Amino acid sequence: MSSQGVYDDIAENIAIVKDNIASSAIKSGRNPEDITLMAVTKTVDSDRINFALQSGISLIGENKVQEILKKSPELSITKQQIHMIGHLQRNKVNQVVPHVAMIQSVDSVRLAKEIAKKALALGENMPVLVQVNIGREENKSGFLAETLEEALFEMAEIEGIKIEGLMTIPPFVEKPEMARPYFSKMKALQVDIMAKKIDNISMNTLSMGMSMDYQQAILEGATLVRVGSSIFGKRN
Ligand SMILES: *Cc1c(COP(=O)(O)O)cnc(C)c1O
């Protein structure tokens with residue numbers, strides 16, 4: 001099992017995903033280098049993640065604090081290469097902040113404040129993305145589009161975080177094409193907010209698109225795609 005041959009599919013999958021990213025970027029008139037590929041490593045063991053890191057992956061995303069704490073010491077990676085992408089409880093903030101370069105899942109002002117408090121205690125500023133519930137789903141976290149602007153003005157005042165953009169998980173749809181209206185709404189929000197030029201807020205990152213629909217997300221303006229199963233295979 002020490003042979004890397006057992007993980008050849010991962011290397012091949014990464015190459016395919018990168019090709020797809022490049023062609024979607026070119027189709028939408030953008031430079032492929034302007035799109036960041038994140039490998040989503042939830043439930044994936046450290047050996048396979050390390051193999052991916054040797055095969056062209058330089059950023060990973062986890063959705064549970066527990067998994068970040070467990071795997072971080074086993075990975076050939078720096079904290080600069082790990083983002084938290086899942087719903088974060090305020091009582092886990094102190095544990096996760098020292099181990100990640102960004103928290104993509106800020107879904108309340110209270111959470112933003114808690115993150116800032118810990119970052120400041122470490123003498124840092126934590127980069128964050130603000131999560132938007134673009135499909136208005138009851139079971140999903142994130143700000144509704146109409147509450148976003150007010151929340152951003154409030155969070156812009158918080159010392160200890162740096163808001164760098166927006167993140168979303170659109171509703172599940174039968175065909176990837178059907179997700180495009182959600183992605184284009186996200187792009188419109190990004191453009192609207194940029195135009196407001198709020199102090200301390202940059203809107204450079206638009207994190208959207210997963211295995212099923214990252215190509216559609218790129219066509220609508222994603223700058224960071226979060227791909228799990230298309231790289232590592234189906235999760236159990
Ligand atoms: C699991 C997950 C992904 C990746 O999902 P795949 O369909 O496996 O690509 C992306 N973003 C978040 C927030 C996730 O939890």
# chains A, B, ... in the order shown; residues from 1 in each chain; ligands from 1
>>> residues_near_ligand(ligand="ligand 1", cutoff="8 Å", atoms="only C-alpha atoms and all ligand atoms", output="list of chain:residue names")
A:Ala39, A:Val40, A:Thr41, A:Lys42, A:Gly61, A:Glu62, A:Asn63, A:Ile85, A:Gly86, A:Ser105, A:Thr168, A:Ile169, A:Met208, A:Gly209, A:Met210, A:Ser211, A:Met212, A:Val225, A:Arg226, A:Val227, A:Gly228, A:Ser229, A:Ser230, A:Ile231, A:Gly233, A:Lys234, A:Arg235
>>> closest_atom_pairs(of="range 105-173 of chain A", to="range 187-193 of chain A", cutoff="9 Å", atoms="only C-alpha atoms", output="CSV")
residue,atom,partner,partner_atom,distance
A:Ala145,CA,A:Leu189,CA,7.6
A:Leu148,CA,A:Leu189,CA,8.9
A:Glu149,CA,A:Ile193,CA,7.3
A:Leu152,CA,A:Ile193,CA,9.0
A:Gly165,CA,A:Gln190,CA,7.5
A:Leu166,CA,A:Gln190,CA,7.3
>>> write_last_selection(atoms="N, CA and C atoms", output="mmCIF file, in the first residue's frame")
data_model
loop_
_atom_site.group_PDB
_atom_site.id
_atom_site.type_symbol
_atom_site.label_atom_id
_atom_site.label_comp_id
_atom_site.auth_asym_id
_atom_site.auth_seq_id
_atom_site.Cartn_x
_atom_site.Cartn_y
_atom_site.Cartn_z
ATOM 1 N N ALA A 145 -30.071 37.390 0.361
ATOM 2 C CA ALA A 145 -29.528 38.490 -0.450
ATOM 3 C C ALA A 145 -29.946 39.851 0.100
ATOM 4 N N LEU A 148 -27.914 41.051 3.138
ATOM 5 C CA LEU A 148 -26.457 40.990 3.004
ATOM 6 C C LEU A 148 -25.792 42.358 3.173
ATOM 7 N N GLU A 149 -26.347 43.334 2.497
ATOM 8 C CA GLU A 149 -25.665 44.625 2.486
ATOM 9 C C GLU A 149 -25.572 45.225 3.894
ATOM 10 N N LEU A 152 -23.033 43.433 5.874
ATOM 11 C CA LEU A 152 -21.663 43.756 5.461
ATOM 12 C C LEU A 152 -21.205 45.086 6.047
ATOM 13 N N GLY A 165 -14.794 38.451 0.209
ATOM 14 C CA GLY A 165 -15.710 38.052 -0.854
ATOM 15 C C GLY A 165 -16.892 37.253 -0.334
ATOM 16 N N LEU A 166 -17.507 36.509 -1.245
ATOM 17 C CA LEU A 166 -18.745 35.775 -0.950
ATOM 18 C C LEU A 166 -18.595 34.294 -1.282
#
>>> atom_distance(atom1="CA of Ser72 in chain A", atom2="CA of Thr36 in chain A")
20.9 Å
>>> residues_around(residues="Ile21 in chain A", least_positions_apart="3", cutoff="12 Å", atoms="only C-alpha atoms", output="PyMOL selection string")
chain A and resi 14-18+24-28+30-38+209-211+213-219+221-227
>>> closest_residue(among="A:Leu111, A:Ala179, A:Val173, A:Ile163", to="Val130 in chain A", atoms="only C-alpha atoms")
A:Ile163
>>> closest_residue(among="A:Asn94, A:Lys64, A:Val100, A:Ala195", to="Gln81 in chain A", atoms="only C-alpha atoms")
A:Val100
>>> atom_distance(atom1="CA of Gly142 in chain A", atom2="CA of Lys79 in chain A")
24.8 Å
>>> closest_residue(among="A:Ile57, A:Val65, A:Ile134, A:Ile161", to="Arg180 in chain A", atoms="only C-alpha atoms")
A:Ile134
>>> atom_distance(atom1="CA of Ala101 in chain A", atom2="CA of Ser207 in chain A")
14.7 Å
>>> select_by_dssp(residues="range 71-145 of chain A", states="strand (DSSP E)", output="number ranges by chain")
A: 82-84, 102-106, 126-132
>>> residues_around(residues="Ala112 in chain A", least_positions_apart="2", cutoff="12 Å", atoms="only C-alpha atoms", output="mmCIF file with all heavy atoms, in the first residue's frame")
data_model
loop_
_atom_site.group_PDB
_atom_site.id
_atom_site.type_symbol
_atom_site.label_atom_id
_atom_site.label_comp_id
_atom_site.auth_asym_id
_atom_site.auth_seq_id
_atom_site.Cartn_x
_atom_site.Cartn_y
_atom_site.Cartn_z
ATOM 1 N N LEU A 88 -19.890 26.796 11.034
ATOM 2 C CA LEU A 88 -19.000 26.864 12.201
ATOM 3 C C LEU A 88 -19.777 27.353 13.416
ATOM 4 O O LEU A 88 -20.394 28.417 13.387
ATOM 5 C CB LEU A 88 -17.837 27.829 11.871
ATOM 6 C CG LEU A 88 -16.802 28.115 12.952
ATOM 7 C CD1 LEU A 88 -16.157 26.845 13.477
ATOM 8 C CD2 LEU A 88 -15.741 29.074 12.411
ATOM 9 N N GLN A 89 -19.720 26.545 14.482
ATOM 10 C CA GLN A 89 -20.363 26.964 15.735
ATOM 11 C C GLN A 89 -19.429 27.910 16.479
ATOM 12 O O GLN A 89 -18.214 27.701 16.476
ATOM 13 C CB GLN A 89 -20.658 25.744 16.598
ATOM 14 C CG GLN A 89 -21.780 24.897 16.046
ATOM 15 C CD GLN A 89 -21.854 23.569 16.758
ATOM 16 O OE1 GLN A 89 -20.860 22.852 16.855
ATOM 17 N NE2 GLN A 89 -23.029 23.243 17.264
ATOM 18 N N ARG A 90 -20.018 28.873 17.150
ATOM 19 C CA ARG A 90 -19.170 29.867 17.824
ATOM 20 C C ARG A 90 -18.257 29.244 18.873
ATOM 21 O O ARG A 90 -17.157 29.706 19.098
ATOM 22 C CB ARG A 90 -20.033 30.988 18.412
ATOM 23 C CG ARG A 90 -20.392 32.039 17.351
ATOM 24 C CD ARG A 90 -21.295 33.098 17.886
ATOM 25 N NE ARG A 90 -22.571 32.497 18.282
ATOM 26 C CZ ARG A 90 -23.216 32.757 19.405
ATOM 27 N NH1 ARG A 90 -22.732 33.631 20.254
ATOM 28 N NH2 ARG A 90 -24.355 32.151 19.667
ATOM 29 N N VAL A 93 -14.800 28.225 17.458
ATOM 30 C CA VAL A 93 -13.980 29.235 16.781
ATOM 31 C C VAL A 93 -12.543 29.246 17.296
ATOM 32 O O VAL A 93 -11.589 29.254 16.523
ATOM 33 C CB VAL A 93 -14.626 30.636 16.929
ATOM 34 C CG1 VAL A 93 -13.644 31.745 16.587
ATOM 35 C CG2 VAL A 93 -15.858 30.737 16.036
ATOM 36 N N VAL A 97 -9.439 28.775 14.412
ATOM 37 C CA VAL A 97 -8.755 29.969 13.883
ATOM 38 C C VAL A 97 -7.235 29.787 13.734
ATOM 39 O O VAL A 97 -6.664 30.180 12.706
ATOM 40 C CB VAL A 97 -9.110 31.228 14.723
ATOM 41 C CG1 VAL A 97 -8.161 32.389 14.436
ATOM 42 C CG2 VAL A 97 -10.549 31.650 14.426
ATOM 43 N N ILE A 103 -11.789 31.560 6.650
ATOM 44 C CA ILE A 103 -13.059 30.926 6.990
ATOM 45 C C ILE A 103 -14.082 31.413 5.961
ATOM 46 O O ILE A 103 -14.367 32.611 5.877
ATOM 47 C CB ILE A 103 -13.480 31.254 8.445
ATOM 48 C CG1 ILE A 103 -12.455 30.636 9.404
ATOM 49 C CG2 ILE A 103 -14.900 30.748 8.726
ATOM 50 C CD1 ILE A 103 -12.615 31.012 10.865
ATOM 51 N N GLN A 104 -14.551 30.467 5.140
ATOM 52 C CA GLN A 104 -15.425 30.835 4.010
ATOM 53 C C GLN A 104 -16.896 30.865 4.396
ATOM 54 O O GLN A 104 -17.743 31.215 3.582
ATOM 55 C CB GLN A 104 -15.248 29.820 2.865
ATOM 56 C CG GLN A 104 -13.885 29.832 2.218
ATOM 57 C CD GLN A 104 -13.933 29.272 0.792
ATOM 58 O OE1 GLN A 104 -14.977 28.837 0.300
ATOM 59 N NE2 GLN A 104 -12.792 29.285 0.124
ATOM 60 N N SER A 105 -17.189 30.444 5.624
ATOM 61 C CA SER A 105 -18.580 30.155 5.977
ATOM 62 C C SER A 105 -19.114 31.081 7.073
ATOM 63 O O SER A 105 -19.781 30.628 7.988
ATOM 64 C CB SER A 105 -18.675 28.694 6.410
ATOM 65 O OG SER A 105 -17.565 28.348 7.241
ATOM 66 N N VAL A 106 -18.828 32.368 6.955
ATOM 67 C CA VAL A 106 -19.357 33.316 7.937
ATOM 68 C C VAL A 106 -20.826 33.583 7.609
ATOM 69 O O VAL A 106 -21.152 34.156 6.571
ATOM 70 C CB VAL A 106 -18.538 34.628 7.949
ATOM 71 C CG1 VAL A 106 -19.244 35.695 8.770
ATOM 72 C CG2 VAL A 106 -17.146 34.358 8.508
ATOM 73 N N ASP A 107 -21.704 33.106 8.507
ATOM 74 C CA ASP A 107 -23.138 33.174 8.226
ATOM 75 C C ASP A 107 -23.913 33.994 9.257
ATOM 76 O O ASP A 107 -25.136 33.990 9.258
ATOM 77 C CB ASP A 107 -23.724 31.761 8.095
ATOM 78 C CG ASP A 107 -23.414 30.893 9.302
ATOM 79 O OD1 ASP A 107 -22.936 31.431 10.325
ATOM 80 O OD2 ASP A 107 -23.665 29.671 9.233
ATOM 81 N N SER A 108 -23.179 34.670 10.154
ATOM 82 C CA SER A 108 -23.855 35.588 11.073
ATOM 83 C C SER A 108 -22.854 36.631 11.559
ATOM 84 O O SER A 108 -21.638 36.393 11.549
ATOM 85 C CB SER A 108 -24.447 34.837 12.272
ATOM 86 O OG SER A 108 -23.414 34.432 13.158
ATOM 87 N N VAL A 109 -23.384 37.762 11.981
ATOM 88 C CA VAL A 109 -22.522 38.824 12.508
ATOM 89 C C VAL A 109 -21.891 38.357 13.818
ATOM 90 O O VAL A 109 -20.725 38.640 14.095
ATOM 91 C CB VAL A 109 -23.332 40.130 12.696
ATOM 92 C CG1 VAL A 109 -22.478 41.205 13.339
ATOM 93 C CG2 VAL A 109 -23.879 40.614 11.354
ATOM 94 N N ARG A 110 -22.665 37.609 14.591
ATOM 95 C CA ARG A 110 -22.123 37.113 15.868
ATOM 96 C C ARG A 110 -20.917 36.209 15.646
ATOM 97 O O ARG A 110 -19.941 36.256 16.389
ATOM 98 C CB ARG A 110 -23.209 36.346 16.647
ATOM 99 C CG ARG A 110 -24.288 37.269 17.204
ATOM 100 C CD ARG A 110 -24.974 36.677 18.405
ATOM 101 N NE ARG A 110 -25.541 35.351 18.112
ATOM 102 C CZ ARG A 110 -26.138 34.590 19.015
ATOM 103 N NH1 ARG A 110 -26.263 34.997 20.272
ATOM 104 N NH2 ARG A 110 -26.614 33.407 18.689
ATOM 105 N N GLU A 114 -16.924 36.713 16.877
ATOM 106 C CA GLU A 114 -16.204 35.692 17.633
ATOM 107 C C GLU A 114 -14.870 35.359 16.946
ATOM 108 O O GLU A 114 -13.830 35.210 17.604
ATOM 109 C CB GLU A 114 -17.085 34.437 17.721
ATOM 110 C CG GLU A 114 -16.705 33.458 18.798
ATOM 111 C CD GLU A 114 -16.980 33.973 20.206
ATOM 112 O OE1 GLU A 114 -17.943 34.749 20.386
ATOM 113 O OE2 GLU A 114 -16.204 33.600 21.112
ATOM 114 N N ILE A 115 -14.908 35.243 15.624
ATOM 115 C CA ILE A 115 -13.680 34.961 14.857
ATOM 116 C C ILE A 115 -12.683 36.108 15.053
ATOM 117 O O ILE A 115 -11.492 35.892 15.291
ATOM 118 C CB ILE A 115 -14.003 34.779 13.351
ATOM 119 C CG1 ILE A 115 -14.839 33.513 13.131
ATOM 120 C CG2 ILE A 115 -12.725 34.737 12.515
ATOM 121 C CD1 ILE A 115 -15.466 33.404 11.737
ATOM 122 N N ALA A 116 -13.193 37.323 14.972
ATOM 123 C CA ALA A 116 -12.332 38.500 15.103
ATOM 124 C C ALA A 116 -11.658 38.541 16.475
ATOM 125 O O ALA A 116 -10.474 38.860 16.594
ATOM 126 C CB ALA A 116 -13.158 39.762 14.880
ATOM 127 N N LYS A 117 -12.429 38.182 17.490
ATOM 128 C CA LYS A 117 -11.898 38.224 18.858
ATOM 129 C C LYS A 117 -10.701 37.286 18.990
ATOM 130 O O LYS A 117 -9.655 37.650 19.522
ATOM 131 C CB LYS A 117 -13.018 37.809 19.830
ATOM 132 C CG LYS A 117 -12.808 38.235 21.257
ATOM 133 C CD LYS A 117 -14.084 38.044 22.088
ATOM 134 C CE LYS A 117 -14.114 36.654 22.694
ATOM 135 N NZ LYS A 117 -15.377 36.367 23.422
ATOM 136 N N LYS A 118 -10.858 36.071 18.466
ATOM 137 C CA LYS A 118 -9.763 35.097 18.544
ATOM 138 C C LYS A 118 -8.572 35.533 17.693
ATOM 139 O O LYS A 118 -7.414 35.420 18.113
ATOM 140 C CB LYS A 118 -10.256 33.707 18.105
ATOM 141 C CG LYS A 118 -9.196 32.629 18.142
ATOM 142 C CD LYS A 118 -8.643 32.403 19.554
ATOM 143 C CE LYS A 118 -7.584 31.301 19.571
ATOM 144 N NZ LYS A 118 -6.950 31.186 20.902
ATOM 145 N N ALA A 119 -8.846 36.025 16.495
ATOM 146 C CA ALA A 119 -7.754 36.466 15.610
ATOM 147 C C ALA A 119 -6.950 37.579 16.279
ATOM 148 O O ALA A 119 -5.716 37.537 16.295
ATOM 149 C CB ALA A 119 -8.316 36.922 14.265
ATOM 150 N N ASN A 125 -5.305 39.093 11.654
ATOM 151 C CA ASN A 125 -6.562 39.445 11.011
ATOM 152 C C ASN A 125 -6.992 38.220 10.233
ATOM 153 O O ASN A 125 -6.228 37.724 9.419
ATOM 154 C CB ASN A 125 -6.308 40.569 10.007
ATOM 155 C CG ASN A 125 -6.821 41.884 10.510
ATOM 156 O OD1 ASN A 125 -7.894 41.956 11.104
ATOM 157 N ND2 ASN A 125 -6.067 42.939 10.278
ATOM 158 N N MET A 126 -8.197 37.726 10.463
ATOM 159 C CA MET A 126 -8.608 36.501 9.758
ATOM 160 C C MET A 126 -9.354 36.854 8.478
ATOM 161 O O MET A 126 -10.403 37.500 8.523
ATOM 162 C CB MET A 126 -9.499 35.651 10.675
ATOM 163 C CG MET A 126 -10.062 34.416 10.030
ATOM 164 S SD MET A 126 -8.840 33.257 9.354
ATOM 165 C CE MET A 126 -8.215 32.536 10.861
ATOM 166 N N PRO A 127 -8.853 36.411 7.326
ATOM 167 C CA PRO A 127 -9.611 36.576 6.086
ATOM 168 C C PRO A 127 -10.882 35.709 6.117
ATOM 169 O O PRO A 127 -10.821 34.554 6.544
ATOM 170 C CB PRO A 127 -8.645 36.067 5.008
ATOM 171 C CG PRO A 127 -7.286 36.192 5.629
ATOM 172 C CD PRO A 127 -7.516 35.868 7.080
ATOM 173 N N VAL A 128 -11.984 36.266 5.683
ATOM 174 C CA VAL A 128 -13.241 35.511 5.669
ATOM 175 C C VAL A 128 -14.020 35.774 4.380
ATOM 176 O O VAL A 128 -13.821 36.785 3.718
ATOM 177 C CB VAL A 128 -14.162 35.877 6.876
ATOM 178 C CG1 VAL A 128 -13.470 35.620 8.206
ATOM 179 C CG2 VAL A 128 -14.655 37.319 6.799
ATOM 180 N N LEU A 129 -14.896 34.822 4.054
ATOM 181 C CA LEU A 129 -15.913 35.050 3.041
ATOM 182 C C LEU A 129 -17.259 35.032 3.750
ATOM 183 O O LEU A 129 -17.435 34.332 4.750
ATOM 184 C CB LEU A 129 -15.884 33.955 1.961
ATOM 185 C CG LEU A 129 -14.582 33.774 1.186
ATOM 186 C CD1 LEU A 129 -14.747 32.670 0.136
ATOM 187 C CD2 LEU A 129 -14.121 35.071 0.531
ATOM 188 N N VAL A 130 -18.186 35.766 3.227
ATOM 189 C CA VAL A 130 -19.526 35.806 3.801
ATOM 190 C C VAL A 130 -20.410 34.869 2.980
ATOM 191 O O VAL A 130 -20.464 34.951 1.753
ATOM 192 C CB VAL A 130 -20.056 37.255 3.806
ATOM 193 C CG1 VAL A 130 -21.501 37.295 4.271
ATOM 194 C CG2 VAL A 130 -19.170 38.124 4.705
ATOM 195 N N GLN A 131 -21.072 33.965 3.701
ATOM 196 C CA GLN A 131 -21.888 32.951 3.012
ATOM 197 C C GLN A 131 -23.276 33.501 2.709
ATOM 198 O O GLN A 131 -23.916 34.122 3.562
ATOM 199 C CB GLN A 131 -21.988 31.681 3.872
ATOM 200 C CG GLN A 131 -22.697 30.552 3.132
ATOM 201 C CD GLN A 131 -22.603 29.221 3.864
ATOM 202 O OE1 GLN A 131 -21.868 29.078 4.849
ATOM 203 N NE2 GLN A 131 -23.351 28.243 3.381
ATOM 204 N N ALA A 151 -25.662 43.669 6.711
ATOM 205 C CA ALA A 151 -24.731 42.864 7.504
ATOM 206 C C ALA A 151 -23.287 43.201 7.140
ATOM 207 O O ALA A 151 -22.417 43.267 8.022
ATOM 208 C CB ALA A 151 -25.004 41.383 7.279
ATOM 209 N N LEU A 152 -23.033 43.433 5.874
ATOM 210 C CA LEU A 152 -21.663 43.756 5.461
ATOM 211 C C LEU A 152 -21.205 45.086 6.047
ATOM 212 O O LEU A 152 -20.073 45.218 6.496
ATOM 213 C CB LEU A 152 -21.560 43.786 3.932
ATOM 214 C CG LEU A 152 -21.483 42.417 3.249
ATOM 215 C CD1 LEU A 152 -21.632 42.563 1.743
ATOM 216 C CD2 LEU A 152 -20.176 41.706 3.583
ATOM 217 N N GLU A 154 -22.176 46.285 8.786
ATOM 218 C CA GLU A 154 -21.919 46.042 10.208
ATOM 219 C C GLU A 154 -20.584 45.306 10.397
ATOM 220 O O GLU A 154 -19.779 45.663 11.251
ATOM 221 C CB GLU A 154 -23.088 45.211 10.781
ATOM 222 C CG GLU A 154 -23.214 45.332 12.282
ATOM 223 C CD GLU A 154 -24.386 44.506 12.830
ATOM 224 O OE1 GLU A 154 -25.328 44.196 12.042
ATOM 225 O OE2 GLU A 154 -24.330 44.158 14.025
ATOM 226 N N MET A 155 -20.349 44.289 9.578
ATOM 227 C CA MET A 155 -19.130 43.487 9.741
ATOM 228 C C MET A 155 -17.881 44.248 9.310
ATOM 229 O O MET A 155 -16.784 43.955 9.768
ATOM 230 C CB MET A 155 -19.269 42.172 8.968
ATOM 231 C CG MET A 155 -20.288 41.246 9.626
ATOM 232 S SD MET A 155 -20.321 39.588 8.895
ATOM 233 C CE MET A 155 -21.280 39.876 7.432
ATOM 234 N N ALA A 156 -18.051 45.234 8.440
ATOM 235 C CA ALA A 156 -16.904 46.035 7.991
ATOM 236 C C ALA A 156 -16.256 46.765 9.162
ATOM 237 O O ALA A 156 -15.085 47.125 9.114
ATOM 238 C CB ALA A 156 -17.348 47.024 6.923
ATOM 239 N N GLU A 157 -17.039 46.982 10.202
ATOM 240 C CA GLU A 157 -16.549 47.721 11.372
ATOM 241 C C GLU A 157 -15.768 46.843 12.332
ATOM 242 O O GLU A 157 -15.153 47.329 13.278
ATOM 243 C CB GLU A 157 -17.743 48.310 12.153
ATOM 244 C CG GLU A 157 -18.675 49.193 11.340
ATOM 245 C CD GLU A 157 -18.070 50.563 11.114
ATOM 246 O OE1 GLU A 157 -17.393 51.061 12.018
ATOM 247 O OE2 GLU A 157 -18.271 51.113 10.005
ATOM 248 N N ILE A 158 -15.840 45.530 12.151
ATOM 249 C CA ILE A 158 -15.233 44.615 13.125
ATOM 250 C C ILE A 158 -13.731 44.513 12.892
ATOM 251 O O ILE A 158 -13.288 44.120 11.816
ATOM 252 C CB ILE A 158 -15.864 43.204 13.025
ATOM 253 C CG1 ILE A 158 -17.391 43.280 13.195
ATOM 254 C CG2 ILE A 158 -15.253 42.269 14.072
ATOM 255 C CD1 ILE A 158 -18.094 41.939 12.959
ATOM 256 N N GLU A 159 -12.985 44.837 13.913
ATOM 257 C CA GLU A 159 -11.534 44.723 13.816
ATOM 258 C C GLU A 159 -11.136 43.278 14.100
ATOM 259 O O GLU A 159 -11.597 42.689 15.076
ATOM 260 C CB GLU A 159 -10.908 45.651 14.867
ATOM 261 C CG GLU A 159 -9.512 46.086 14.516
ATOM 262 C CD GLU A 159 -8.901 46.896 15.653
ATOM 263 O OE1 GLU A 159 -9.669 47.673 16.279
ATOM 264 O OE2 GLU A 159 -7.710 46.736 15.905
ATOM 265 N N GLY A 160 -10.288 42.705 13.236
ATOM 266 C CA GLY A 160 -9.848 41.316 13.450
ATOM 267 C C GLY A 160 -10.256 40.372 12.330
ATOM 268 O O GLY A 160 -9.801 39.241 12.266
ATOM 269 N N ILE A 161 -11.134 40.838 11.448
ATOM 270 C CA ILE A 161 -11.452 40.053 10.243
ATOM 271 C C ILE A 161 -11.228 40.910 9.003
ATOM 272 O O ILE A 161 -11.276 42.138 9.074
ATOM 273 C CB ILE A 161 -12.912 39.524 10.212
ATOM 274 C CG1 ILE A 161 -13.925 40.664 10.355
ATOM 275 C CG2 ILE A 161 -13.130 38.437 11.252
ATOM 276 C CD1 ILE A 161 -15.358 40.254 10.046
ATOM 277 N N LYS A 162 -10.981 40.214 7.889
ATOM 278 C CA LYS A 162 -10.855 40.891 6.594
ATOM 279 C C LYS A 162 -11.835 40.228 5.645
ATOM 280 O O LYS A 162 -11.652 39.065 5.273
ATOM 281 C CB LYS A 162 -9.451 40.666 6.017
ATOM 282 C CG LYS A 162 -8.447 41.722 6.386
ATOM 283 C CD LYS A 162 -7.216 41.635 5.477
ATOM 284 C CE LYS A 162 -6.587 40.257 5.501
ATOM 285 N NZ LYS A 162 -5.208 40.150 5.123
ATOM 286 N N ILE A 163 -12.875 40.904 5.267
ATOM 287 C CA ILE A 163 -13.869 40.318 4.359
ATOM 288 C C ILE A 163 -13.338 40.388 2.927
ATOM 289 O O ILE A 163 -13.031 41.469 2.426
ATOM 290 C CB ILE A 163 -15.221 41.043 4.497
ATOM 291 C CG1 ILE A 163 -15.751 40.834 5.925
ATOM 292 C CG2 ILE A 163 -16.213 40.523 3.458
ATOM 293 C CD1 ILE A 163 -17.023 41.584 6.243
#
>>> residues_around(residues="Phe153 in chain A", least_positions_apart="5", cutoff="9 Å", atoms="only C-alpha atoms", output="list in words")
Leu148, Ile198, Asp199 and Ile201 of chain A
>>> write_last_selection(atoms="N, CA and C atoms", output="PDB file, in the first residue's frame")
ATOM      1  N   LEU A 148     -27.914  41.051   3.138  1.00  0.00           N
ATOM      2  CA  LEU A 148     -26.457  40.990   3.004  1.00  0.00           C
ATOM      3  C   LEU A 148     -25.792  42.358   3.173  1.00  0.00           C
ATOM      4  N   ILE A 198     -17.324  49.741   0.117  1.00  0.00           N
ATOM      5  CA  ILE A 198     -17.383  49.773   1.586  1.00  0.00           C
ATOM      6  C   ILE A 198     -15.956  49.654   2.130  1.00  0.00           C
ATOM      7  N   ASP A 199     -15.609  50.518   3.075  1.00  0.00           N
ATOM      8  CA  ASP A 199     -14.273  50.467   3.690  1.00  0.00           C
ATOM      9  C   ASP A 199     -14.008  49.098   4.288  1.00  0.00           C
ATOM     10  N   ILE A 201     -13.727  46.251   3.017  1.00  0.00           N
ATOM     11  CA  ILE A 201     -14.317  45.082   2.382  1.00  0.00           C
ATOM     12  C   ILE A 201     -13.822  44.975   0.941  1.00  0.00           C
TER      13      ILE A 201
END
